[in-house]
file structure-v4.pdb (PDB, N, CA and C atoms)
MODEL        1
ATOM      1  N   MET H   1     -29.117   2.571 -19.320
ATOM      2  CA  MET H   1     -28.267   3.366 -18.473
ATOM      3  C   MET H   1     -26.823   2.873 -18.607
ATOM      4  N   SER H   2     -25.882   3.776 -18.775
ATOM      5  CA  SER H   2     -24.483   3.423 -18.976
ATOM      6  C   SER H   2     -23.762   3.293 -17.646
ATOM      7  N   ASN H   3     -22.938   2.269 -17.545
ATOM      8  CA  ASN H   3     -22.118   2.082 -16.352
ATOM      9  C   ASN H   3     -20.687   2.447 -16.726
ATOM     10  N   SER H   4     -20.173   3.520 -16.135
ATOM     11  CA  SER H   4     -18.847   4.011 -16.526
ATOM     12  C   SER H   4     -17.740   3.009 -16.226
ATOM     13  N   SER H   5     -17.894   2.194 -15.163
ATOM     14  CA  SER H   5     -16.833   1.237 -14.891
ATOM     15  C   SER H   5     -16.802   0.128 -15.935
ATOM     16  N   THR H   6     -17.957  -0.186 -16.532
ATOM     17  CA  THR H   6     -17.995  -1.177 -17.599
ATOM     18  C   THR H   6     -17.435  -0.578 -18.879
ATOM     19  N   LYS H   7     -17.820   0.656 -19.156
ATOM     20  CA  LYS H   7     -17.389   1.327 -20.372
ATOM     21  C   LYS H   7     -15.867   1.541 -20.394
ATOM     22  N   HIS H   8     -15.329   1.947 -19.282
ATOM     23  CA  HIS H   8     -13.908   2.281 -19.220
ATOM     24  C   HIS H   8     -13.073   1.236 -18.485
ATOM     25  N   GLY H   9     -13.684   0.248 -17.918
ATOM     26  CA  GLY H   9     -12.971  -0.771 -17.160
ATOM     27  C   GLY H   9     -12.751  -0.324 -15.735
ATOM     28  N   PRO H  10     -12.339  -1.239 -14.885
ATOM     29  CA  PRO H  10     -12.079  -0.875 -13.493
ATOM     30  C   PRO H  10     -10.894   0.073 -13.403
ATOM     31  N   PRO H  11     -10.764   0.793 -12.272
ATOM     32  CA  PRO H  11      -9.680   1.771 -12.140
ATOM     33  C   PRO H  11      -8.296   1.193 -12.380
ATOM     34  N   SER H  12      -8.099  -0.098 -12.127
ATOM     35  CA  SER H  12      -6.764  -0.676 -12.302
ATOM     36  C   SER H  12      -6.524  -1.226 -13.704
ATOM     37  N   ALA H  13      -7.537  -1.118 -14.583
ATOM     38  CA  ALA H  13      -7.378  -1.648 -15.941
ATOM     39  C   ALA H  13      -6.200  -0.969 -16.636
ATOM     40  N   GLY H  14      -5.361  -1.741 -17.279
ATOM     41  CA  GLY H  14      -4.243  -1.185 -18.034
ATOM     42  C   GLY H  14      -2.982  -0.999 -17.204
ATOM     43  N   LEU H  15      -3.068  -1.124 -15.888
ATOM     44  CA  LEU H  15      -1.878  -0.982 -15.059
ATOM     45  C   LEU H  15      -1.088  -2.286 -15.084
ATOM     46  N   ARG H  16       0.201  -2.168 -15.255
ATOM     47  CA  ARG H  16       1.058  -3.344 -15.249
ATOM     48  C   ARG H  16       1.607  -3.561 -13.840
ATOM     49  N   PRO H  17       1.868  -4.813 -13.497
ATOM     50  CA  PRO H  17       2.500  -5.046 -12.191
ATOM     51  C   PRO H  17       3.905  -4.453 -12.204
ATOM     52  N   PRO H  18       4.416  -4.112 -11.033
ATOM     53  CA  PRO H  18       5.774  -3.572 -10.992
ATOM     54  C   PRO H  18       6.769  -4.607 -11.492
ATOM     55  N   PRO H  19       7.881  -4.149 -12.044
ATOM     56  CA  PRO H  19       8.869  -5.091 -12.591
ATOM     57  C   PRO H  19       9.525  -5.930 -11.502
ATOM     58  N   PRO H  20       9.921  -7.154 -11.864
ATOM     59  CA  PRO H  20      10.646  -8.001 -10.917
ATOM     60  C   PRO H  20      12.004  -7.392 -10.547
ATOM     61  N   VAL H  21      12.458  -7.757  -9.364
ATOM     62  CA  VAL H  21      13.767  -7.342  -8.874
ATOM     63  C   VAL H  21      14.786  -8.382  -9.324
ATOM     64  N   GLU H  22      15.885  -7.917  -9.910
ATOM     65  CA  GLU H  22      16.947  -8.828 -10.349
ATOM     66  C   GLU H  22      18.144  -8.830  -9.407
ATOM     67  N   ALA H  23      18.414  -7.705  -8.766
ATOM     68  CA  ALA H  23      19.563  -7.621  -7.854
ATOM     69  C   ALA H  23      19.267  -6.588  -6.776
ATOM     70  N   VAL H  24      19.923  -6.761  -5.632
ATOM     71  CA  VAL H  24      19.730  -5.879  -4.480
ATOM     72  C   VAL H  24      21.092  -5.464  -3.952
ATOM     73  N   TRP H  25      21.221  -4.189  -3.605
ATOM     74  CA  TRP H  25      22.404  -3.678  -2.922
ATOM     75  C   TRP H  25      21.940  -2.911  -1.716
ATOM     76  N   VAL H  26      22.563  -3.183  -0.579
ATOM     77  CA  VAL H  26      22.284  -2.427   0.639
ATOM     78  C   VAL H  26      23.612  -1.894   1.149
ATOM     79  N   THR H  27      23.711  -0.565   1.215
ATOM     80  CA  THR H  27      24.912   0.059   1.776
ATOM     81  C   THR H  27      24.551   0.632   3.146
ATOM     82  N   ARG H  28      25.462   1.331   3.752
ATOM     83  CA  ARG H  28      25.180   1.958   5.050
ATOM     84  C   ARG H  28      24.078   3.003   4.932
ATOM     85  N   THR H  29      23.885   3.569   3.738
ATOM     86  CA  THR H  29      22.947   4.687   3.582
ATOM     87  C   THR H  29      21.862   4.474   2.539
ATOM     88  N   THR H  30      21.971   3.429   1.715
ATOM     89  CA  THR H  30      21.101   3.305   0.547
ATOM     90  C   THR H  30      20.606   1.875   0.339
ATOM     91  N   LEU H  31      19.354   1.767  -0.132
ATOM     92  CA  LEU H  31      18.804   0.499  -0.613
ATOM     93  C   LEU H  31      18.589   0.661  -2.107
ATOM     94  N   CYS H  32      19.137  -0.258  -2.899
ATOM     95  CA  CYS H  32      19.054  -0.168  -4.355
ATOM     96  C   CYS H  32      18.559  -1.482  -4.937
ATOM     97  N   PHE H  33      17.621  -1.391  -5.865
ATOM     98  CA  PHE H  33      17.142  -2.551  -6.611
ATOM     99  C   PHE H  33      17.470  -2.349  -8.082
ATOM    100  N   ASP H  34      17.980  -3.389  -8.747
ATOM    101  CA  ASP H  34      18.056  -3.430 -10.203
ATOM    102  C   ASP H  34      16.811  -4.175 -10.654
ATOM    103  N   LEU H  35      16.060  -3.563 -11.569
ATOM    104  CA  LEU H  35      14.791  -4.122 -12.008
ATOM    105  C   LEU H  35      14.925  -4.801 -13.369
ATOM    106  N   ALA H  36      14.025  -5.729 -13.628
ATOM    107  CA  ALA H  36      14.063  -6.508 -14.868
ATOM    108  C   ALA H  36      13.877  -5.647 -16.105
ATOM    109  N   ASP H  37      13.274  -4.467 -15.959
ATOM    110  CA  ASP H  37      13.062  -3.604 -17.120
ATOM    111  C   ASP H  37      14.269  -2.722 -17.420
ATOM    112  N   GLY H  38      15.387  -2.932 -16.684
ATOM    113  CA  GLY H  38      16.615  -2.189 -16.958
ATOM    114  C   GLY H  38      16.863  -1.013 -16.034
ATOM    115  N   ARG H  39      15.883  -0.646 -15.239
ATOM    116  CA  ARG H  39      16.073   0.477 -14.323
ATOM    117  C   ARG H  39      16.767   0.021 -13.050
ATOM    118  N   SER H  40      17.497   0.956 -12.456
ATOM    119  CA  SER H  40      18.026   0.803 -11.101
ATOM    120  C   SER H  40      17.414   1.931 -10.297
ATOM    121  N   ILE H  41      16.926   1.597  -9.119
ATOM    122  CA  ILE H  41      16.297   2.619  -8.286
ATOM    123  C   ILE H  41      16.835   2.498  -6.878
ATOM    124  N   SER H  42      17.125   3.634  -6.268
ATOM    125  CA  SER H  42      17.652   3.612  -4.911
ATOM    126  C   SER H  42      16.918   4.639  -4.065
ATOM    127  N   VAL H  43      16.855   4.337  -2.783
ATOM    128  CA  VAL H  43      16.232   5.235  -1.810
ATOM    129  C   VAL H  43      17.120   5.259  -0.571
ATOM    130  N   PRO H  44      16.982   6.301   0.243
ATOM    131  CA  PRO H  44      17.743   6.317   1.496
ATOM    132  C   PRO H  44      17.337   5.134   2.382
ATOM    133  N   LEU H  45      18.294   4.502   2.998
ATOM    134  CA  LEU H  45      18.018   3.373   3.870
ATOM    135  C   LEU H  45      17.109   3.779   5.028
ATOM    136  N   GLY H  46      17.143   5.031   5.392
ATOM    137  CA  GLY H  46      16.286   5.550   6.459
ATOM    138  C   GLY H  46      14.797   5.420   6.169
ATOM    139  N   PHE H  47      14.423   5.190   4.900
ATOM    140  CA  PHE H  47      13.011   4.948   4.567
ATOM    141  C   PHE H  47      12.523   3.668   5.225
ATOM    142  N   TYR H  48      13.443   2.784   5.574
ATOM    143  CA  TYR H  48      13.101   1.467   6.102
ATOM    144  C   TYR H  48      13.861   1.213   7.402
ATOM    145  N   PRO H  49      13.367   1.753   8.526
ATOM    146  CA  PRO H  49      14.069   1.647   9.806
ATOM    147  C   PRO H  49      14.496   0.230  10.201
ATOM    148  N   PRO H  50      13.686  -0.827   9.927
ATOM    149  CA  PRO H  50      14.174  -2.160  10.294
ATOM    150  C   PRO H  50      15.477  -2.534   9.576
ATOM    151  N   LEU H  51      15.631  -2.091   8.336
ATOM    152  CA  LEU H  51      16.881  -2.357   7.616
ATOM    153  C   LEU H  51      18.001  -1.443   8.102
ATOM    154  N   ALA H  52      17.655  -0.176   8.310
ATOM    155  CA  ALA H  52      18.667   0.790   8.743
ATOM    156  C   ALA H  52      19.260   0.402  10.092
ATOM    157  N   GLY H  53      18.439  -0.176  10.975
ATOM    158  CA  GLY H  53      18.906  -0.537  12.302
ATOM    159  C   GLY H  53      19.533  -1.921  12.397
ATOM    160  N   ALA H  54      19.471  -2.668  11.309
ATOM    161  CA  ALA H  54      19.988  -4.043  11.321
ATOM    162  C   ALA H  54      21.497  -4.063  11.085
ATOM    163  N   LYS H  55      22.124  -5.116  11.558
ATOM    164  CA  LYS H  55      23.550  -5.308  11.283
ATOM    165  C   LYS H  55      23.726  -5.651   9.804
ATOM    166  N   GLU H  56      24.901  -5.351   9.296
ATOM    167  CA  GLU H  56      25.200  -5.572   7.879
ATOM    168  C   GLU H  56      24.902  -7.010   7.450
ATOM    169  N   ALA H  57      25.272  -7.970   8.274
ATOM    170  CA  ALA H  57      25.045  -9.380   7.930
ATOM    171  C   ALA H  57      23.551  -9.670   7.745
ATOM    172  N   ALA H  58      22.712  -9.116   8.597
ATOM    173  CA  ALA H  58      21.262  -9.326   8.480
ATOM    174  C   ALA H  58      20.707  -8.625   7.238
ATOM    175  N   ARG H  59      21.226  -7.433   6.942
ATOM    176  CA  ARG H  59      20.751  -6.703   5.750
ATOM    177  C   ARG H  59      21.099  -7.450   4.471
ATOM    178  N   ASN H  60      22.183  -8.208   4.500
ATOM    179  CA  ASN H  60      22.632  -8.909   3.302
ATOM    180  C   ASN H  60      22.058 -10.318   3.175
ATOM    181  N   GLN H  61      21.183 -10.710   4.081
ATOM    182  CA  GLN H  61      20.513 -12.015   4.029
ATOM    183  C   GLN H  61      19.072 -11.789   3.578
ATOM    184  N   TYR H  62      18.828 -11.854   2.280
ATOM    185  CA  TYR H  62      17.492 -11.597   1.735
ATOM    186  C   TYR H  62      17.157 -12.616   0.666
ATOM    187  N   GLU H  63      15.882 -12.682   0.358
ATOM    188  CA  GLU H  63      15.383 -13.532  -0.720
ATOM    189  C   GLU H  63      14.625 -12.640  -1.695
ATOM    190  N   ILE H  64      14.819 -12.883  -2.978
ATOM    191  CA  ILE H  64      14.074 -12.153  -4.010
ATOM    192  C   ILE H  64      13.018 -13.088  -4.575
ATOM    193  N   HIS H  65      11.779 -12.618  -4.586
ATOM    194  CA  HIS H  65      10.691 -13.353  -5.226
ATOM    195  C   HIS H  65       9.909 -12.376  -6.091
ATOM    196  N   LYS H  66      10.165 -12.422  -7.380
ATOM    197  CA  LYS H  66       9.546 -11.510  -8.354
ATOM    198  C   LYS H  66       9.817 -10.072  -7.947
ATOM    199  N   GLY H  67       8.785  -9.318  -7.601
ATOM    200  CA  GLY H  67       8.954  -7.905  -7.261
ATOM    201  C   GLY H  67       9.099  -7.637  -5.779
ATOM    202  N   THR H  68       9.350  -8.674  -4.989
ATOM    203  CA  THR H  68       9.451  -8.522  -3.539
ATOM    204  C   THR H  68      10.801  -9.021  -3.031
ATOM    205  N   VAL H  69      11.384  -8.263  -2.126
ATOM    206  CA  VAL H  69      12.606  -8.677  -1.451
ATOM    207  C   VAL H  69      12.251  -8.855   0.021
ATOM    208  N   TYR H  70      12.597 -10.029   0.566
ATOM    209  CA  TYR H  70      12.208 -10.387   1.930
ATOM    210  C   TYR H  70      13.440 -10.685   2.763
ATOM    211  N   TRP H  71      13.510 -10.052   3.928
ATOM    212  CA  TRP H  71      14.557 -10.296   4.909
ATOM    213  C   TRP H  71      13.929 -11.134   6.020
ATOM    214  N   ALA H  72      14.088 -12.461   5.929
ATOM    215  CA  ALA H  72      13.428 -13.382   6.859
ATOM    216  C   ALA H  72      13.840 -13.131   8.306
ATOM    217  N   ALA H  73      15.123 -12.921   8.554
ATOM    218  CA  ALA H  73      15.597 -12.710   9.925
ATOM    219  C   ALA H  73      14.999 -11.454  10.551
ATOM    220  N   LEU H  74      14.611 -10.500   9.694
ATOM    221  CA  LEU H  74      14.034  -9.247  10.180
ATOM    222  C   LEU H  74      12.509  -9.246  10.097
ATOM    223  N   GLY H  75      11.943 -10.258   9.416
ATOM    224  CA  GLY H  75      10.491 -10.292   9.220
ATOM    225  C   GLY H  75      10.013  -9.063   8.452
ATOM    226  N   PHE H  76      10.776  -8.675   7.435
ATOM    227  CA  PHE H  76      10.531  -7.410   6.741
ATOM    228  C   PHE H  76      10.631  -7.605   5.238
ATOM    229  N   LYS H  77       9.731  -6.949   4.495
ATOM    230  CA  LYS H  77       9.793  -7.027   3.040
ATOM    231  C   LYS H  77       9.615  -5.654   2.423
ATOM    232  N   VAL H  78      10.196  -5.493   1.251
ATOM    233  CA  VAL H  78      10.080  -4.278   0.447
ATOM    234  C   VAL H  78       9.827  -4.726  -0.983
ATOM    235  N   THR H  79       8.934  -4.040  -1.677
ATOM    236  CA  THR H  79       8.633  -4.387  -3.056
ATOM    237  C   THR H  79       9.231  -3.358  -4.014
ATOM    238  N   SER H  80       9.332  -3.758  -5.275
ATOM    239  CA  SER H  80       9.800  -2.804  -6.282
ATOM    240  C   SER H  80       8.823  -1.631  -6.374
ATOM    241  N   ALA H  81       7.532  -1.899  -6.172
ATOM    242  CA  ALA H  81       6.536  -0.809  -6.179
ATOM    243  C   ALA H  81       6.810   0.176  -5.048
ATOM    244  N   ASP H  82       7.226  -0.315  -3.868
ATOM    245  CA  ASP H  82       7.547   0.573  -2.756
ATOM    246  C   ASP H  82       8.641   1.558  -3.146
ATOM    247  N   LEU H  83       9.719   1.039  -3.753
ATOM    248  CA  LEU H  83      10.812   1.922  -4.151
ATOM    249  C   LEU H  83      10.384   2.874  -5.254
ATOM    250  N   LEU H  84       9.662   2.371  -6.245
ATOM    251  CA  LEU H  84       9.244   3.222  -7.356
ATOM    252  C   LEU H  84       8.339   4.354  -6.907
ATOM    253  N   MET H  85       7.538   4.112  -5.873
ATOM    254  CA  MET H  85       6.604   5.125  -5.385
ATOM    255  C   MET H  85       7.171   5.929  -4.211
ATOM    256  N   GLY H  86       8.396   5.597  -3.776
ATOM    257  CA  GLY H  86       8.986   6.311  -2.654
ATOM    258  C   GLY H  86       8.257   6.031  -1.345
ATOM    259  N   ARG H  87       7.625   4.870  -1.275
ATOM    260  CA  ARG H  87       6.820   4.493  -0.117
ATOM    261  C   ARG H  87       7.717   4.088   1.044
ATOM    262  N   ARG H  88       7.539   4.748   2.179
ATOM    263  CA  ARG H  88       8.295   4.434   3.392
ATOM    264  C   ARG H  88       7.559   3.366   4.189
ATOM    265  N   LYS H  89       8.302   2.612   4.987
ATOM    266  CA  LYS H  89       7.714   1.579   5.858
ATOM    267  C   LYS H  89       8.390   1.646   7.214
ATOM    268  N   GLU H  90       7.648   1.271   8.208
ATOM    269  CA  GLU H  90       8.192   1.208   9.584
ATOM    270  C   GLU H  90       8.555  -0.202   9.932
TER     271      GLU H  90
ENDMDL
END

call {"tool": "encode", "arguments": {"input": "structure-v4.pdb", "output": "structure tokens"}}
result
Amino acid sequence: MSNSSTKHGPPSAGLRPPPPVEAVWVTRTTLCFDLADGRSISVPLGFYPPLAGAKEAARNQYEIHKGTVYWAALGFKVTSADLLMGRRKE
């Protein structure tokens, strides 16, 4: 009996992890990531209410770790996959 997941691999086989974030820009209206693969991607800041409601100084205090950007003072993170997929967060 053939097992299709063995024959074709698991559903995630062949998927690459999202590219690392190299730079971040936060404006009054936009969140933008420059990615290691050369792309720049931006979304409306309104996709992320904790960032949209934060003061500029708090928005500009972040840490980049591979494909994740973390705002410690806000207890909030966004990944490159979130931006690439247009994923909103509360």

call {"tool": "residues_around", "arguments": {"input": "structure-v4.pdb", "residues": "segment 75-79 of chain H", "least_positions_apart": "6", "cutoff": "8 Å", "atoms": "all atoms listed in the file", "output": "number ranges by chain"}}
result
H: 18-19, 21, 50-51, 66-69, 85

call {"tool": "residues_around", "arguments": {"input": "structure-v4.pdb", "residues": "segment 25-41 of chain H", "least_positions_apart": "3", "cutoff": "8 Å", "atoms": "only C-alpha atoms", "output": "PyMOL selection string"}}
result
chain H and resi 19-22+44-46+52+59-60+80+83-84

call {"tool": "select_by_dssp", "arguments": {"input": "structure-v4.pdb", "residues": "chain H", "states": "strand (DSSP E)", "output": "PyMOL selection string"}}
result
chain H and resi 21-26+30-35+40-44+63-65+68-71+76-79

call {"tool": "atom_distance", "arguments": {"input": "structure-v4.pdb", "atom1": "atom CA of Phe47 of chain H", "atom2": "atom N of Tyr62 of chain H"}}
result
17.9 Å

call {"tool": "atom_distance", "arguments": {"input": "structure-v4.pdb", "atom1": "atom CA of Lys89 of chain H", "atom2": "atom CA of Val43 of chain H"}}
result
12.0 Å

call {"tool": "closest_residue", "arguments": {"input": "structure-v4.pdb", "among": "H:Leu15, H:Ala81, H:Ala23, H:Ala73", "to": "Ala58 of chain H", "atoms": "all atoms listed in the file"}}
result
H:Ala73

call {"tool": "axis_aligned_box", "arguments": {"input": "structure-v4.pdb", "around": "segment 70-88 of chain H", "padding_each_side": "3 Å", "output": "AutoDock Vina command-line options"}}
result
--center_x 11.1 --center_y -3.5 --center_z 1.6 --size_x 15.1 --size_y 25.7 --size_z 23.9

call {"tool": "closest_residue", "arguments": {"input": "structure-v4.pdb", "among": "H:Pro17, H:Trp71, H:Glu56, H:Tyr48", "to": "Glu90 of chain H", "atoms": "all atoms listed in the file"}}
result
H:Tyr48

call {"tool": "select_by_dssp", "arguments": {"input": "structure-v4.pdb", "residues": "segment 23-90 of chain H", "states": "alpha helix (DSSP H)", "output": "list in words"}}
result
Pro49, Pro50, Leu51, Ala52, Glu56, Ala57, Ala58, Arg59, Ser80, Ala81, Asp82, Leu83, Leu84 and Met85 of chain H

call {"tool": "atom_distance", "arguments": {"input": "structure-v4.pdb", "atom1": "atom CA of Gln61 of chain H", "atom2": "atom CA of Arg16 of chain H"}}
result
28.7 Å

call {"tool": "closest_residue", "arguments": {"input": "structure-v4.pdb", "among": "H:His65, H:Ser42, H:Leu74, H:Gly53", "to": "Gly86 of chain H", "atoms": "only C-alpha atoms"}}
result
H:Ser42
